>>> print(open('my_file_13.txt').read())   # compact mmCIF, C-alpha atoms
# COMPACT_ATOMS: atom_id res chain seq x y z
CA MET A 1 0.00 0.00 0.00
CA PHE A 2 2.75 2.42 0.96
CA GLY A 3 4.62 1.66 -2.25
CA ARG A 4 1.55 2.29 -4.44
CA LYS A 5 0.86 5.60 -2.65
CA THR A 6 4.47 6.67 -3.19
CA MET A 7 4.29 5.73 -6.89
CA ARG A 8 1.02 7.65 -7.34
CA ARG A 9 2.51 10.68 -5.62
CA ARG A 10 5.62 10.57 -7.80
CA ALA A 11 3.50 10.22 -10.92
CA LEU A 12 1.36 13.19 -9.93
CA LEU A 13 4.40 15.35 -9.18
CA ALA A 14 5.92 14.34 -12.52
CA LEU A 15 2.70 15.38 -14.25
CA ILE A 16 2.75 18.71 -12.42
CA ALA A 17 6.35 19.30 -13.46
CA ALA A 18 5.60 18.42 -17.08
CA VAL A 19 2.57 20.68 -17.20
CA SER A 20 4.57 23.50 -15.65
CA VAL A 21 7.38 23.20 -18.20
CA SER A 22 5.00 23.09 -21.16
CA SER A 23 2.89 25.99 -19.90
CA GLY A 24 5.97 28.06 -19.07
CA ALA A 25 7.42 27.51 -22.54
CA ALA A 26 4.26 28.66 -24.28
CA ALA A 27 3.56 32.35 -24.62
CA GLN A 28 0.62 33.26 -22.40
CA ASP A 29 -1.52 36.35 -22.65
CA THR A 30 -2.90 35.75 -19.15
CA VAL A 31 -0.90 35.22 -15.99
CA LYS A 32 -2.93 33.30 -13.41
CA ILE A 33 -2.48 33.47 -9.64
CA GLY A 34 -3.93 30.66 -7.56
CA LEU A 35 -4.99 32.32 -4.29
CA ILE A 36 -5.63 29.67 -1.62
CA LEU A 37 -7.19 31.04 1.57
CA PRO A 38 -9.39 29.99 4.49
CA MET A 39 -12.60 31.76 3.48
CA THR A 40 -14.67 29.68 5.90
CA GLY A 41 -13.90 28.12 9.27
CA GLN A 42 -11.90 29.36 12.25
CA GLN A 43 -9.42 31.42 10.18
CA ALA A 44 -12.06 32.98 7.89
CA SER A 45 -11.13 36.51 9.00
CA THR A 46 -7.63 35.89 7.60
CA GLY A 47 -9.05 34.89 4.23
CA LYS A 48 -11.45 37.82 4.15
CA GLN A 49 -8.70 40.34 4.87
CA ILE A 50 -6.24 38.97 2.29
CA ASP A 51 -8.87 38.54 -0.42
CA ALA A 52 -10.00 42.14 0.12
CA ALA A 53 -6.41 43.40 -0.05
CA VAL A 54 -5.70 41.47 -3.28
CA LYS A 55 -8.83 42.93 -4.88
CA LEU A 56 -7.87 46.42 -3.70
CA TYR A 57 -4.35 46.13 -5.13
CA GLN A 58 -5.74 45.25 -8.54
CA ALA A 59 -8.36 47.99 -8.32
CA LEU A 60 -5.62 50.56 -7.66
CA ASN A 61 -2.93 49.17 -9.98
CA GLY A 62 -4.86 47.58 -12.81
CA THR A 63 -5.00 44.00 -14.05
CA THR A 64 -2.35 44.24 -16.75
CA VAL A 65 1.41 43.90 -16.14
CA ALA A 66 4.14 43.78 -18.78
CA GLY A 67 1.50 43.31 -21.46
CA LYS A 68 -0.10 40.35 -19.68
CA LYS A 69 -3.52 40.22 -18.04
CA VAL A 70 -3.34 39.10 -14.41
CA GLU A 71 -6.17 36.82 -13.28
CA VAL A 72 -6.65 35.76 -9.65
CA ILE A 73 -8.38 32.43 -8.99
CA LEU A 74 -9.62 32.26 -5.38
CA LYS A 75 -10.02 28.88 -3.64
CA ASP A 76 -11.24 28.16 -0.10
CA ASP A 77 -9.15 25.53 1.71
CA THR A 78 -11.03 25.85 5.05
CA SER A 79 -7.59 25.69 6.78
CA VAL A 80 -7.34 21.95 6.06
CA PRO A 81 -3.85 21.12 4.68
CA ASP A 82 -5.01 18.13 2.62
CA VAL A 83 -7.53 20.42 0.91
CA THR A 84 -4.81 23.04 0.34
CA LYS A 85 -2.59 20.45 -1.29
CA ARG A 86 -5.37 19.18 -3.57
CA LEU A 87 -6.31 22.71 -4.61
CA ALA A 88 -2.68 23.59 -5.35
CA GLN A 89 -2.34 20.51 -7.57
CA GLU A 90 -5.56 21.35 -9.42
CA LEU A 91 -4.55 24.98 -9.91
CA ILE A 92 -1.24 23.97 -11.46
CA VAL A 93 -2.44 21.05 -13.59
CA ASN A 94 -5.87 22.35 -14.67
CA ASP A 95 -5.59 26.13 -14.46
CA LYS A 96 -1.86 26.39 -15.25
CA VAL A 97 -1.25 29.09 -12.64
CA ALA A 98 2.10 30.89 -12.62
CA PHE A 99 1.91 31.65 -8.88
CA LEU A 100 0.45 30.00 -5.80
CA ALA A 101 -0.37 32.51 -3.06
CA GLY A 102 -2.20 33.00 0.24
CA PHE A 103 -1.81 30.24 2.88
CA GLY A 104 -3.58 31.22 6.08
CA ILE A 105 -1.87 28.69 8.34
CA THR A 106 1.54 27.02 8.49
CA PRO A 107 0.44 23.40 7.78
CA SER A 108 -1.22 24.58 4.55
CA ALA A 109 1.90 26.42 3.41
CA LEU A 110 4.08 23.40 4.21
CA ALA A 111 1.71 21.00 2.41
CA THR A 112 2.09 23.05 -0.77
CA ALA A 113 5.89 23.41 -0.66
CA PRO A 114 6.78 20.11 -2.44
CA ILE A 115 4.30 20.94 -5.20
CA ALA A 116 5.84 24.39 -5.68
CA THR A 117 9.28 22.79 -5.91
CA GLN A 118 8.29 20.14 -8.46
CA ALA A 119 6.30 22.55 -10.62
CA LYS A 120 8.85 25.38 -10.24
CA VAL A 121 6.03 27.75 -9.36
CA PRO A 122 6.62 30.54 -6.80
CA GLU A 123 4.64 30.07 -3.57
CA ILE A 124 3.93 33.51 -2.08
CA VAL A 125 3.12 33.13 1.64
CA MET A 126 0.92 36.07 2.60
CA ALA A 127 -0.08 34.94 6.11
CA ALA A 128 1.53 31.89 7.73
CA GLY A 129 4.31 32.77 10.19
CA THR A 130 6.41 29.74 11.16
CA SER A 131 10.09 30.39 10.50
CA SER A 132 10.79 27.09 8.72
CA ILE A 133 8.27 27.60 5.89
CA THR A 134 10.78 29.26 3.55
CA GLU A 135 13.17 26.34 4.12
CA ALA A 136 10.59 23.83 2.86
CA SER A 137 11.05 24.85 -0.78
CA PRO A 138 13.40 27.11 -2.74
CA TYR A 139 10.26 28.50 -4.42
CA VAL A 140 8.68 29.90 -1.23
CA VAL A 141 8.81 33.68 -0.72
CA ARG A 142 7.14 35.31 2.30
CA THR A 143 5.48 38.75 2.52
CA SER A 144 3.84 38.28 5.93
CA PHE A 145 6.08 37.89 9.00
CA THR A 146 7.60 35.31 11.32
CA LEU A 147 6.49 35.00 14.93
CA ALA A 148 10.08 35.29 16.09
CA GLN A 149 10.27 38.76 14.53
CA SER A 150 7.69 39.93 17.09
CA ALA A 151 8.53 37.66 20.03
CA VAL A 152 12.20 38.64 20.38
CA PRO A 153 11.56 42.43 20.55
CA MET A 154 8.74 41.77 23.02
CA ALA A 155 11.16 39.88 25.29
CA ASP A 156 13.70 42.71 25.07
CA TRP A 157 11.07 45.29 25.97
CA ALA A 158 9.86 43.20 28.93
CA VAL A 159 13.33 42.96 30.46
CA LYS A 160 14.02 46.68 29.94
CA ASN A 161 10.76 47.52 31.73
CA GLY A 162 11.31 45.59 34.92
CA ILE A 163 9.46 42.37 34.12
CA LYS A 164 11.43 39.55 35.72
CA LYS A 165 9.13 36.50 35.81
CA VAL A 166 6.92 35.42 32.92
CA VAL A 167 4.52 32.61 32.03
CA THR A 168 4.12 32.02 28.28
CA LEU A 169 0.85 30.83 26.74
CA VAL A 170 0.75 29.91 23.05
CA SER A 171 -1.32 27.93 20.56
CA ASP A 172 0.22 24.50 20.11
CA TYR A 173 1.39 24.52 16.48
CA GLY A 174 4.34 25.81 14.49
CA PRO A 175 3.99 29.59 14.96
CA GLY A 176 3.11 29.22 18.64
CA ILE A 177 6.12 27.03 19.31
CA ASP A 178 8.31 29.55 17.43
CA ALA A 179 6.89 32.38 19.55
CA GLU A 180 7.34 30.45 22.79
CA LYS A 181 10.95 29.46 22.08
CA SER A 182 12.02 32.82 20.65
CA PHE A 183 10.53 34.80 23.53
CA SER A 184 11.76 32.38 26.21
CA ASP A 185 15.32 32.14 24.87
CA GLU A 186 15.70 35.91 24.54
CA PHE A 187 14.05 36.64 27.90
CA LYS A 188 16.29 34.16 29.74
CA ALA A 189 19.40 35.37 27.91
CA LYS A 190 18.68 38.88 29.20
CA GLY A 191 18.29 37.67 32.80
CA GLY A 192 14.57 36.95 33.04
CA THR A 193 12.90 33.82 34.42
CA ILE A 194 10.30 31.72 32.58
CA ILE A 195 8.13 30.11 35.26
CA GLU A 196 6.19 27.89 32.88
CA ASN A 197 5.47 27.38 29.16
CA LEU A 198 1.78 26.66 28.58
CA ARG A 199 0.18 25.50 25.32
CA VAL A 200 -3.41 25.19 24.11
CA PRO A 201 -4.83 23.29 21.10
CA MET A 202 -5.08 25.38 17.95
CA ARG A 203 -8.59 24.22 17.08
CA SER A 204 -11.44 24.93 19.52
CA PRO A 205 -9.15 26.08 22.33
CA ASP A 206 -10.36 26.36 25.91
CA PHE A 207 -8.03 28.78 27.68
CA SER A 208 -9.60 28.38 31.13
CA PRO A 209 -7.37 25.58 32.53
CA VAL A 210 -4.11 27.18 31.41
CA LEU A 211 -5.22 30.62 32.54
CA GLN A 212 -5.77 29.21 36.00
CA LYS A 213 -2.23 27.82 35.95
CA ALA A 214 -0.96 31.23 34.87
CA ALA A 215 -2.84 32.89 37.73
CA ASP A 216 -1.43 30.41 40.27
CA ALA A 217 2.14 31.08 39.05
CA LYS A 218 2.08 34.68 40.34
CA ALA A 219 4.20 35.91 37.42
CA ASP A 220 4.92 39.55 36.61
CA ALA A 221 3.50 39.07 33.12
CA LEU A 222 1.75 36.61 30.83
CA PHE A 223 3.21 36.49 27.30
CA VAL A 224 0.62 35.32 24.77
CA PHE A 225 0.42 34.21 21.17
CA VAL A 226 -2.84 32.99 19.62
CA PRO A 227 -3.55 33.13 15.88
CA SER A 228 -5.44 35.96 14.25
CA GLY A 229 -9.13 35.40 14.94
CA ALA A 230 -8.67 33.70 18.33
CA GLY A 231 -7.73 36.81 20.31
CA ALA A 232 -11.32 37.75 21.21
CA GLN A 233 -12.02 34.39 22.84
CA PHE A 234 -8.75 34.52 24.77
CA VAL A 235 -9.43 38.00 26.14
CA LYS A 236 -12.98 37.01 27.15
CA GLN A 237 -11.67 34.14 29.26
CA PHE A 238 -8.76 36.25 30.58
CA VAL A 239 -11.30 38.72 31.98
CA GLU A 240 -13.64 36.00 33.26
CA ARG A 241 -10.76 34.64 35.33
CA GLY A 242 -10.15 38.09 36.78
CA LEU A 243 -6.60 38.21 35.49
CA ASP A 244 -7.11 41.74 34.16
CA LYS A 245 -7.36 42.86 37.81
CA SER A 246 -4.69 40.57 39.25
CA GLY A 247 -1.73 42.85 38.67
CA MET A 248 -0.20 40.45 36.14
CA LYS A 249 0.65 42.34 32.94
CA LEU A 250 -0.54 41.02 29.60
CA ILE A 251 2.11 41.23 26.85
CA ALA A 252 1.67 39.68 23.44
CA THR A 253 2.43 39.41 19.77
CA GLY A 254 0.18 41.60 17.64
CA ASP A 255 -1.96 38.65 16.55
CA VAL A 256 -3.75 38.87 19.91
CA THR A 257 -4.67 42.55 19.42
CA ASP A 258 -5.63 42.08 15.77
CA ASP A 259 -6.85 45.36 14.21
CA ASP A 260 -9.73 43.49 12.60
CA GLN A 261 -11.22 42.52 15.99
CA LEU A 262 -9.72 44.94 18.48
CA ASN A 263 -12.75 47.20 18.86
CA GLY A 264 -14.95 44.22 19.65
CA MET A 265 -12.69 43.12 22.50
CA GLY A 266 -13.63 46.10 24.64
CA ASP A 267 -11.81 48.53 26.89
CA VAL A 268 -10.19 45.71 28.85
CA MET A 269 -7.57 45.74 26.06
CA VAL A 270 -6.51 49.32 26.81
CA GLY A 271 -2.90 49.33 27.96
CA VAL A 272 -1.93 45.91 26.53
CA ILE A 273 1.65 46.04 25.23
CA ASN A 274 2.40 44.05 22.09
CA ALA A 275 4.92 43.85 19.26
CA HIS A 276 4.12 43.42 15.60
CA ASN A 277 4.83 44.47 12.03
CA TYR A 278 1.70 46.51 11.22
CA SER A 279 -0.94 48.70 12.81
CA ALA A 280 -3.79 50.45 11.04
CA ALA A 281 -2.65 53.47 13.07
CA HIS A 282 0.84 53.44 11.51
CA ASP A 283 1.66 57.08 10.84
CA SER A 284 2.71 57.32 7.20
CA ALA A 285 1.17 58.81 4.07
CA VAL A 286 1.30 55.40 2.35
CA ASN A 287 -0.59 53.73 5.17
CA LYS A 288 -3.19 56.47 5.54
CA ALA A 289 -4.01 56.16 1.83
CA PHE A 290 -4.13 52.35 2.12
CA VAL A 291 -6.44 52.35 5.16
CA SER A 292 -8.75 54.90 3.57
CA ALA A 293 -9.02 52.96 0.30
CA PHE A 294 -9.43 49.62 2.09
CA ARG A 295 -12.24 50.91 4.32
CA LYS A 296 -14.01 52.57 1.40
CA ALA A 297 -13.89 49.36 -0.63
CA ASN A 298 -14.99 47.09 2.23
CA GLY A 299 -17.84 48.82 4.03
CA GLY A 300 -15.67 50.43 6.69
CA LEU A 301 -13.67 47.28 7.53
CA ARG A 302 -10.30 48.11 9.10
CA PRO A 303 -7.30 46.38 7.46
CA ASN A 304 -5.06 44.24 9.64
CA PHE A 305 -1.60 42.69 9.29
CA MET A 306 -3.01 39.89 7.12
CA ALA A 307 -4.36 42.44 4.65
CA VAL A 308 -0.92 44.06 4.38
CA GLY A 309 0.67 40.64 3.77
CA GLY A 310 -1.73 40.10 0.87
CA TYR A 311 -1.32 43.62 -0.52
CA ASP A 312 2.47 43.38 -0.45
CA GLY A 313 2.31 39.88 -1.93
CA MET A 314 0.52 41.28 -4.96
CA HIS A 315 3.08 44.09 -5.23
CA LEU A 316 5.87 41.49 -5.20
CA ILE A 317 4.17 39.50 -7.99
CA TYR A 318 3.52 42.57 -10.14
CA GLU A 319 7.07 43.91 -9.78
CA ALA A 320 8.60 40.50 -10.49
CA LEU A 321 6.59 40.24 -13.70
CA LYS A 322 7.81 43.70 -14.72
CA LYS A 323 11.41 42.60 -14.16
CA THR A 324 10.95 39.45 -16.26
CA ASN A 325 9.05 41.35 -18.98
CA GLY A 326 6.05 39.12 -18.40
CA SER A 327 7.92 35.81 -18.38
CA THR A 328 6.40 33.24 -16.01
CA ASP A 329 9.52 31.11 -15.81
CA GLY A 330 9.68 30.22 -12.11
CA ALA A 331 13.44 30.52 -11.71
CA LYS A 332 13.48 33.96 -13.35
CA LEU A 333 10.62 35.16 -11.13
CA LEU A 334 12.43 33.95 -8.01
CA GLU A 335 15.58 35.83 -8.96
CA ALA A 336 13.55 38.94 -9.63
CA MET A 337 11.99 38.76 -6.17
CA LYS A 338 15.19 38.27 -4.19
CA GLY A 339 16.41 41.52 -2.69
CA MET A 340 13.38 43.51 -3.86
CA ALA A 341 12.62 46.48 -1.57
CA TRP A 342 9.74 48.97 -1.38
CA GLU A 343 7.67 51.22 0.87
CA SER A 344 4.72 49.25 2.26
CA PRO A 345 1.79 50.54 4.31
CA ARG A 346 3.68 48.98 7.25
CA GLY A 347 6.92 50.86 6.47
CA PRO A 348 10.07 49.93 4.51
CA ILE A 349 10.30 46.22 3.65
CA SER A 350 12.52 43.96 1.54
CA ILE A 351 12.94 40.31 0.61
CA ASP A 352 16.09 38.76 2.08
CA PRO A 353 17.93 37.35 -0.97
CA GLU A 354 19.37 34.48 1.07
CA THR A 355 16.28 33.26 2.96
CA ARG A 356 13.45 34.70 0.80
CA ASP A 357 11.89 35.95 4.05
CA ILE A 358 10.61 39.45 4.62
CA VAL A 359 12.80 42.02 6.37
CA GLN A 360 10.72 44.68 8.11
CA ASN A 361 10.35 47.07 11.01
CA ILE A 362 8.82 45.71 14.20
CA TYR A 363 6.88 48.14 16.36
CA VAL A 364 6.23 47.95 20.09
CA ARG A 365 2.68 49.21 20.57
CA LYS A 366 0.18 50.00 23.31
CA VAL A 367 -3.56 49.59 22.89
CA GLN A 368 -5.14 53.01 23.28
CA LYS A 369 -8.47 54.65 22.56
CA VAL A 370 -8.21 57.13 19.68
CA ASP A 371 -11.31 59.07 18.58
CA GLY A 372 -13.51 56.51 20.32
CA GLU A 373 -11.85 53.46 18.71
CA LEU A 374 -9.18 51.07 19.98
CA TYR A 375 -5.87 51.08 18.11
CA ASN A 376 -2.39 49.62 18.49
CA VAL A 377 -0.43 52.87 18.90
CA GLU A 378 3.27 52.48 18.06
CA PHE A 379 5.79 53.97 20.48
CA GLU A 380 9.04 52.16 19.66
CA THR A 381 10.54 50.97 16.36
CA ILE A 382 13.07 48.18 15.83
CA PRO A 383 14.21 48.68 12.21
CA ASN A 384 14.97 46.11 9.51
CA VAL A 385 14.32 42.95 11.54
CA LYS A 386 15.29 39.69 9.85
CA ASP A 387 13.87 36.38 11.03
CA PRO A 388 15.73 35.75 14.32
CA VAL A 389 15.43 31.96 14.03
CA LYS A 390 17.36 31.84 10.76
CA ALA A 391 19.79 34.51 11.98
CA ALA A 392 20.60 32.37 15.02
CA LYS A 393 21.47 29.40 12.80
CA LYS A 394 24.24 31.43 11.17
CA LYS A 395 25.97 32.18 14.46
>>> encode(input="my_file_13.txt", output="structure tokens")
Amino acid sequence: MFGRKTMRRRALLALIAAVSVSSGAAAQDTVKIGLILPMTGQQASTGKQIDAAVKLYQALNGTTVAGKKVEVILKDDTSVPDVTKRLAQELIVNDKVAFLAGFGITPSALATAPIATQAKVPEIVMAAGTSSITEASPYVVRTSFTLAQSAVPMADWAVKNGIKKVVTLVSDYGPGIDAEKSFSDEFKAKGGTIIENLRVPMRSPDFSPVLQKAADAKADALFVFVPSGAGAQFVKQFVERGLDKSGMKLIATGDVTDDDQLNGMGDVMVGVINAHNYSAAHDSAVNKAFVSAFRKANGGLRPNFMAVGGYDGMHLIYEALKKTNGSTDGAKLLEAMKGMAWESPRGPISIDPETRDIVQNIYVRKVQKVDGELYNVEFETIPNVKDPVKAAKKK
């Protein structure tokens, strides 16, 4: 049975590779992007934000690049990696896409990586944040973030501000484990103490038992990572346990204070310190124009860090096509993307030519009420942050 499955898989990958070569050799008037996102299910807010940002980018920049029409084919993977993999195969074999993009969660991005390699099709990760994703295929390029990029600055800030004992609480999957390890290693290296590392299941999490453990630990602060979309449930249970009045500080990655849901979390969030790559309150002309256009196009919806990952992903694709004069040869597109730099709504960003990961500013922010709405207000900038996990491997 195992042998037959392996043979079928090899045959399918060979077919994908053959289709890719033949489609790449032929002149195409239309360049197709297979956009795979969780449009339903627990991570639906991620899909909604990225899809809206992709549509906005094309509305503002047109649908023609280097003489080629750019067509986006949206598919809902419901955050199930096996579905992601099947959709990626279908998009390459049947639709002959030149790019695969999106990927709301790490397992979905990883499931697609071997397909991207065999087909020589760039995989543009617009959301998923585990460090190792770009190492899974030479065709993966990331425009989102890594959790370590936020967790390490958060640990540095905590130590500088007199926090000595911390309990960490993360969702138990790739990004959460990255956040836990990166924060813990940095915090301990700077003289802090990690009392306990707590984890919760990614799907249908109940935070109550681990929050009780955190309360019993009598730490100075609770460091938290939960994926975008789960922050509201976490905060609800945090308040129900009375931890907001316990004197224990809540510090987090910016996923927890997601711009998309922050207003709905209530004033209990005021004062929460977090670190992340984007806030809708980022003070730049580029961002103000982006937020205004996004809200106008989406019934007042506020863009979050997922939207910016999608918007910048489209910019990367468009600029790569300009550099290749419309060629969809995967190797040429990859070379065009490496080292590319531009001004994003989040600030200056670039693609690390060695790792194909994004290099970006990380901002330490405080949740504040501005004109009656809650925002992540930036008060400290750490410029040009590379992925700390990969940087540590070079030491």
>>> residues_near_point(input="my_file_13.txt", point="(3.3, 43.0, -3.8)", cutoff="10 Å", atoms="only C-alpha atoms", output="count of residues only")
21
>>> closest_residue(input="my_file_13.txt", among="A:Asp82, A:Val141, A:Thr30, A:Leu222", to="Met340 of chain A", atoms="all atoms listed in the file")
A:Val141
>>> atom_distance(input="my_file_13.txt", atom1="atom CA of Thr106 of chain A", atom2="atom CA of Val167 of chain A")
24.4 Å
>>> residues_around(input="my_file_13.txt", residues="Leu56 of chain A", least_positions_apart="6", cutoff="8 Å", atoms="only C-alpha atoms", output="list of chain:residue names")
A:Ala293, A:Phe294, A:Ala297, A:Tyr311
>>> atom_distance(input="my_file_13.txt", atom1="atom CA of Asp387 of chain A", atom2="atom CA of Ala136 of chain A")
15.3 Å
>>> residues_around(input="my_file_13.txt", residues="Val370 of chain A", least_positions_apart="6", cutoff="12 Å", atoms="only C-alpha atoms", output="PyMOL selection string")
chain A and resi 263+267+270+280-281+376-377
>>> atom_distance(input="my_file_13.txt", atom1="atom CA of Val364 of chain A", atom2="atom CA of Ser171 of chain A")
21.4 Å
>>> residues_near_point(input="my_file_13.txt", point="(0.2, 38.4, 29.4)", cutoff="12 Å", atoms="all atoms listed in the file", output="MDAnalysis selection string")
chainID A and resid 154:155 158 163 165:170 198 211 214:215 218:226 234:235 238:239 243:244 246:253 256:257 269 271:274
